[in-house]
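A.B. asks: Dumping the structure here so I can ask a few things about it.
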Amino acid sequence: MKWIEITIDTTDEGADIVCARLSMLGVNEVSVVQGREAVEAIMESSVKYWDYADDAALNNSPAVKAYIADVKDNEGISDRITDSMRELDAMRDEIGLPLGSLEVRTALVDEQDWANNWKAYFKPINVGERLTVCPTWEQVDDTEGRAVLRIDPGMAFGTGTHHTTRMCLEILEKHIKGGETIADIGCGSGILSAAAMLMGAGAATAVDIDPVATKTAAENAEYNGIDIMKYTVYTGDILSDKQIRSAFTKQKYDIVLANIVANVIIALAPLVPQLMHEGSVFIASGIIEDRLEEVKTALEASGLAVTKVLCGEDWRALEAKLA
């Protein structure tokens, strides 16, 4: 089996933003290459990312890497990533953080060239108080009462506890009492809605613009034993696709999730209250610190009150309820 190795040159500050852009394309699980000191500090304390290739510790140039199976379904993905990085490059002034060159390099590699190193650092990680995220080849002997979400990257991905995802999960677990209905907008690999189901939610409806992401989300849900009759996934844009929007708005959800980016959350703001009832909660993440107030203003203008904000380096996640 051949794999497409995609490397995006960036900075330590820009790595999270590049990851967010990849997530928009359905590439949600990536490895982050950092310099020796950064890698050692992370491995000695809490793990920020789950996987580092051995050469990452020797490479002082930060980058984001993704490995994608060289199959027909993935044709054109490198061009789409390149286009996305060009769009990001044009947003430098708006973002206000150093992003590096954003050069995209691709190579075709054999599985054995990287598979063993890639797995070496992919270990079970406890997130919040109720969840453990675990690769399928690892065992968790003592779950300590935690729900275990098993992710199989299929060699294409190296899942990490990105700040945006971690903060969403930390807020989410506080609201799962049992039987909740979940709307997961921009679901990516489905980690949030799948985790909600494993922690006791009753049903989830997810959507993403990328068919690769929705396919992965459905597969992850099935692998974790989630009843597919209670886990519905749509492919498309909820903002522009009237059919998908209608499917979502025909009911009210206990929890609405949107781990995307600030621009999309702002665009979603008028729609979100239509998905909520009194007592529902909206959990949003993927928000750069500098844009938090702009997001809060948009939500408040749409009838939501922000009740909590979590911080993770330059990223923010928030909880909001109907005002």
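Here's how to read the names in the structure tokens: chain A, B, ... by the order shown, residue numbers from 1 in each chain, ligand numbers from 1 in the order shown.
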Please provide the set of residues having any atom within 7 Å of Glu13 in chain A, restricted to only C-alpha atoms, with same-chain residues fewer than 5 positions apart removed, written as a PyMOL selection string.

C.D. replies: chain A and resi 97-99

A.B. asks: Determine, counting only C-alpha atoms, which protein, DNA and RNA residues have an atom within 12 Å of an atom of range 260-263 of chain A; residues of the same chain fewer than 2 positions away are not included. Present the result as a ChimeraX atom specification.

C.D. replies: /A:16-26,28,91,94-95,164-165,168,184-188,192,207-209,257-258,265-269,283-299,315-318

A.B. asks: Which residue out of A:Thr249, A:Asn224, A:Thr106, A:Ser61 has the minimum interatomic distance to Asp79 in chain A when only C-alpha atoms are used?

C.D. replies: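 So, comparing all the options, the nearest one is A:Thr106.
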
A.B. asks: Give the helix (DSSP H, G or I) residues of range 193-231 of chain A, as DSSP finds them on the backbone, and put them as a list in words.

C.D. replies: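 In range 193-231 of chain A, DSSP puts these residues in helix (DSSP H, G or I): Ser193, Ala194, Ala195, Ala196, Met197, Leu198, Pro211, Val212, Ala213, Thr214, Lys215, Thr216, Ala217, Ala218, Glu219, Asn220, Ala221, Glu222, Tyr223, Ile228, Met229 and Lys230 of chain A.
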
A.B. asks: Grab the CA of Ile68 in chain A to CA of Ala195 in chain A distance for me, in Å with one decimal place.

C.D. replies: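 Separating CA of Ile68 in chain A from CA of Ala195 in chain A is a distance of 24.1 Å.
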
A.B. asks: For the atom pair CA of Val33 in chain A and CA of Asn74 in chain A, what is the interatomic distance in Å to one decimal place?

C.D. replies: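 Pair CA of Val33 in chain A / CA of Asn74 in chain A returns 23.2 Å.
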
A.B. asks: As a list in words, please: the residues near Asp227 in chain A (cut-off 12 Å, only C-alpha atoms, same-chain neighbours under 2 positions excluded).

C.D. replies: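 Selected residues are Ala194, Met197, Leu198, Ala201, Gly202, Ala203, Ala204, Ala218, Glu219, Asn220, Ala221, Glu222, Tyr223, Asn224, Gly225, Met229, Lys230, Tyr231 and Thr232 of chain A.
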
A.B. asks: Can you pull out the residues contacting Lys215 in chain A? Cut-off 9 Å, using only C-alpha atoms, and skip same-chain residues under 4 positions away; I want them as a VMD selection string.

C.D. replies: chain A and resid 189 210 to 211 219 to 220 233 235

A.B. asks: Go through A:Ile4, A:Glu180, A:Ile255, A:Ala206 one by one, measure the shortest atom-to-atom distance of each to Glu75 in chain A using only C-alpha atoms, and give the residue with the smallest value.

C.D. replies: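 Result for the nearest residue to Glu75 in chain A: A:Ile4.
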
A.B. asks: Hey, what's within 9 Å of Gly279 in chain A if we count only C-alpha atoms and toss same-chain stuff fewer than 3 positions away? As a list in words, please?

C.D. replies: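 What passes the distance filter is Asp254, Met276, Lys321 and Leu322 of chain A.
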
A.B. asks: Nearest to Tyr67 in chain A: which of A:Gln274, A:Gln251, A:Thr7, A:Thr143 is it, counting only C-alpha atoms?

C.D. replies: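 Residue with the minimum atom-to-atom distance to Tyr67 in chain A: A:Thr7.
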
A.B. asks: Rank nothing, just name the residue among A:Pro270, A:Asp241, A:Thr82, A:Ala15 nearest to Ala301 in chain A, using only C-alpha atoms.

C.D. replies: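 Between A:Pro270, A:Asp241, A:Thr82, A:Ala15, the residue approaching Ala301 in chain A most closely is A:Pro270.
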
A.B. asks: Between A:Lys252, A:Leu310, A:Glu5, A:Gly14, which has the minimum distance to Arg92 in chain A (counting only C-alpha atoms)?

C.D. replies: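 Among the listed residues, A:Gly14 lies closest to Arg92 in chain A.
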
A.B. asks: Pick from A:Val212, A:Met167, A:Ala183, A:Ala305: nearest to Phe248 in chain A, with only C-alpha atoms counted?

C.D. replies: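 For Phe248 in chain A, the nearest of the candidates is A:Ala183.
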
A.B. asks: Residues of range 164-277 of chain A that approach range 128-132 of chain A to 7 Å or less, counting only C-alpha atoms: could you list each one with the shortest pair of atoms and its distance in Å to one decimal, rows by chain and increasing residue number, as CSV?

C.D. replies:
residue,atom,partner,partner_atom,distance
A:Leu169,CA,A:Gly128,CA,7.0
A:Glu170,CA,A:Gly128,CA,5.1
A:Glu173,CA,A:Arg130,CA,6.8

A.B. asks: Only N, CA and C atoms, please: the residues just picked out, written as a short mmCIF file (atom, residue, chain, number, x, y, z; two decimals), in the first residue's frame.

C.D. replies:
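Listed below is the output, part_35.cif:
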data_model
loop_
_atom_site.label_atom_id
_atom_site.label_comp_id
_atom_site.auth_asym_id
_atom_site.auth_seq_id
_atom_site.Cartn_x
_atom_site.Cartn_y
_atom_site.Cartn_z
N LEU A 169 -14.88 18.67 24.37
CA LEU A 169 -15.21 17.47 25.13
C LEU A 169 -15.35 17.77 26.61
N GLU A 170 -14.52 18.67 27.12
CA GLU A 170 -14.59 19.01 28.53
C GLU A 170 -15.91 19.71 28.88
N GLU A 173 -18.99 16.90 28.33
CA GLU A 173 -19.24 15.88 29.33
C GLU A 173 -20.08 16.38 30.50
#

A.B. asks: Between CA of Thr205 in chain A and CA of Glu278 in chain A, what is the distance, to one decimal in Å?

C.D. replies: 19.2 Å
